[in-house]
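Notes for the one structure printed next.
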Amino acid sequence: MKVKKIVFYILATAIVALWIAPFMISFFTSFKSMDELMTTRKWWAPPKEWFPSNFVTAWKDANMGRYFMNTFVITIPSVLGALFLSSLSAYALSWYKFKLSKFILMIFVGGMLIPFQMLLIPVYRFSVSIGIYDKFIGVILFHIAFQLGFCTFFLRNFMKTIPSSIFDAAMIDGAGHFTIYRRIVMPLVLPALAALGILEFTWIWNDYLWSLILIQSDEIKPITLGLVNLQGQWVTSWNTMAAGAIIAAVVPLFVFLLFQRYFIEGLTLGSVKG
Amino acid sequence: MKSQKWVPYAFLALPLLMYSIWVIFPIIQTLYLSFTDWDGVSPELSFIGWDNFKLLFQDPYFKISLWNNIKWLIGFAGISVPLGLLIAMLLDQKFKGSKVYKTLMYLPMTLSFVVIGQIWSWILEPRCGALNSFLGIFGLKSVGWLSDPNIVTYSLIMAASWRQISYAMVLYLAGLKQVPKELVEAAWVDGANGWKRFIHIILPMLRPATVVAVTVSVIDSLRAFDIVYVLTRGGPFYSSSVMANYMYIMAFNNYRMGYGSAIATVQFLITLGFIVFYMRNVLKKEEAL
């Protein structure tokens with residue numbers, strides 16, 4: 001039994017080490033000098049001398065600081081908007097029996113799986129034509145709209161688990177539809193909203209394609225676009241690039257570590273029975 | 001339940017309106033544009049029937065892109081998903097530190113493909129990147145991970161799989177909660193019996209996880225864009241191009257919006273089967289409720 005345990009630990013540790021090797025390489029690279037990188041080429045070894053100044057270069061000279069803030073400006077309203085609107089649609093699709101209910105649900109589910117390329121040209125054209133191209137609001141509105149598919153599906157599944165007796169009792173008491181939504185259903189789905197919010201935050205934070213299509217000015221670019229810029233301009237400074245990549249990754253990483261349970265619960269919805 | 005018929009529609013109005021503007025109508029518009037020669041600028045466009053599609057299947061770069069997408073599909077659904085299951089089976093046992101091990105395995109999932117592309121760009125860099133430097137220690141020859149047209153697509157799939165395997169593993173670890181831990185442990189140590197138990201008992205119990213893991217992986221493999229765009233832009237000479245990337249270049253760099261729409265439509269039609277499969281699965285669960 002002991003031998004088995006040892007073999008197991010060696011195997012599991014080897015896999016995990018392989019898995020986090022790219023993280024370690026990036027982390028070490030971000031603190032090295034280019035001299036050390038080019039002469040030793042030992043990417044996997046800790047720096048001989050630590051250079052936190054790489055982060056200052058990335059944050060200030062490569063403008064990662066501004067891109068970082070821009071990403072918050074895009075992400076937070078997008079998440080809040082998607083959560084609010086999808087809670088309305090999910091409520092309608094979970095409590096009321098009406099003819100088109102299933103059909104509308106399927107539209108939301110189907111839309112979330114569509115190849116993005118099906119939407120690129122019309123969304124770009126529409127944004128230009130109504131004057132929201134190259135503005136924060138253009139990307140935000142798109143994110144809200146597109147994420148409604150997954151969010152509605154997610155929240156509706158959750159609302160379905162609320163016993164209908166609660167709803168009926170409220171109706172008999174004479175509560176209005178909006179009151180039931182606000183005072184009864186919303187407090188009950190708060191945990192689901194939290195899980196969904198965390199997941200959506202990471203997804204929208206990490207978006208690249210839609211900002212590429214809908215944003216042109218450097219002043220409002222989010223961090224994913226900024227990082228690609230940095231790659232183009234600092235092409236030989238891998239240490240600065242690594243620092244930039246870490247700045248871009250640090251928020252989703254922390255959000256995940258802080259709310260791991262919610263994150264996993266959200267992600268695995270539908271893959272477990274029930 | 002008695003209620004006025006308009007009530008659910010009142011709740012749905014705003015979400016459905018936004019969804020229609022940014023998702024539903026665009027799909028229809030792209031379908032329409034794929035039959036035109038629109039250049040993205042001129043106010044007029046002419047209807048050219050199936051010409052874009054005929055042209056597509058004579059276009060060598062589109063053929064390369066389509067073929068590369070098939071490699072992505074096999075890499076994601078055929079390799080990443082089983083590997084994710086294997087690692088999930090390994091880690092779903094009682095041992096000290098299991099939480100830390102799992103958390104570390106989850107980490108790639110939190111990264112954007114842009115960051116993943118960056119990280120792998122210095123791992124795969126041919127002259128002095130991490131992987132070739134590592135191989136050099138053992139006296140092995142350098143490999144042109146991103147410069148050799150025969151290898152580059154596999155390098156990209158490898159980088160993306162780092163994240164995809166983590167995703168499959170998360171789904172399976174959640175699914176394995178339904179399976180007694182003793183059964184999982186026994187499967188590893190029981191040799192032939194363990195394998196039988198895995199095939200006949202554990203795998204069927206994991207069916208819901210498999211359905212989601214496979215459909216999502218297939219769909220993601222067919223719409224892969226970010227990582228290709230960041231690492232190679234489809235190069236060298238279109239050798240690592242995929243449909244999404246080729247569509248972007250045609251529509252937004254060459255202003256061939258009609259042609260680009262046709263590429264998107266092909267992507268859509270290939271994906272459609274899997275989308276319908278997924279939706280049927282959702283509906284089946286509905287009826288079971």
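Residue names in the structure tokens use chain letters A, B, ... in the order shown, residue numbers from 1 in each chain, and ligand numbers from 1 in the order shown.
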Near chain A, meaning an atom within 7 Å, which residues of chain B appear when counting only C-alpha atoms? Write them as an MDAnalysis selection string.
chainID B and resid 8 11:12 15 18:19 22:23 26:27 29:30 101 104:105 110:112 114:115 118:119 128 130 133 171 174:175 208:209 212 223 226 244 264:265 267:268 275 279
Alpha helix (DSSP H) per DSSP on the backbone: members of segment 15-257 of chain B, as JSON, numbers by chain:
{"B": [15, 16, 17, 18, 19, 25, 26, 27, 28, 29, 30, 31, 32, 33, 51, 52, 53, 54, 55, 56, 60, 61, 62, 63, 64, 65, 66, 67, 68, 69, 70, 71, 72, 73, 81, 82, 83, 84, 85, 86, 87, 88, 89, 90, 91, 98, 99, 100, 101, 102, 103, 104, 105, 106, 113, 114, 115, 116, 117, 118, 119, 120, 121, 122, 123, 124, 130, 131, 132, 133, 134, 135, 136, 137, 152, 153, 154, 155, 156, 157, 158, 159, 160, 161, 162, 163, 164, 165, 166, 167, 168, 169, 170, 171, 172, 173, 174, 175, 181, 182, 183, 184, 185, 186, 187, 188, 189, 191, 192, 193, 194, 195, 196, 197, 203, 204, 205, 207, 208, 209, 210, 211, 212, 213, 214, 215, 216, 217, 218, 219, 220, 221, 222, 226, 227, 228, 229, 230, 231, 243, 244, 245, 246, 247, 248, 257]}
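The gap separating atom CA of Phe136 of chain A from atom CA of Thr71 of chain A is 9.8 Å, in Å to one decimal.
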Got a sec: who's within 8 Å of Pro47 of chain A, counting only C-alpha atoms, leaving out chain neighbours fewer than 4 positions off, as a PDB file with N, CA and C atoms, in the first residue's frame?
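out_30.pdb written:
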```pdb
ATOM      1  N   PHE A  28       9.296  33.968 -13.300  1.00  0.00           N
ATOM      2  CA  PHE A  28      10.739  34.206 -13.225  1.00  0.00           C
ATOM      3  C   PHE A  28      11.193  35.191 -14.306  1.00  0.00           C
ATOM      4  N   THR A  29      10.675  34.996 -15.519  1.00  0.00           N
ATOM      5  CA  THR A  29      11.083  35.862 -16.625  1.00  0.00           C
ATOM      6  C   THR A  29      10.767  37.326 -16.327  1.00  0.00           C
ATOM      7  N   PHE A  31      10.927  38.909 -13.713  1.00  0.00           N
ATOM      8  CA  PHE A  31      11.823  39.554 -12.744  1.00  0.00           C
ATOM      9  C   PHE A  31      13.287  39.527 -13.175  1.00  0.00           C
ATOM     10  N   LYS A  32      13.545  39.001 -14.389  1.00  0.00           N
ATOM     11  CA  LYS A  32      14.938  38.883 -14.811  1.00  0.00           C
ATOM     12  C   LYS A  32      15.375  40.080 -15.644  1.00  0.00           C
ATOM     13  N   GLU A  36      20.546  38.461 -18.285  1.00  0.00           N
ATOM     14  CA  GLU A  36      20.535  37.132 -17.690  1.00  0.00           C
ATOM     15  C   GLU A  36      19.771  36.150 -18.575  1.00  0.00           C
TER      16      GLU A  36
END
```
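We find atom CA of Ile263 of chain B and atom CA of Met243 of chain B to be spaced 6.8 Å apart.
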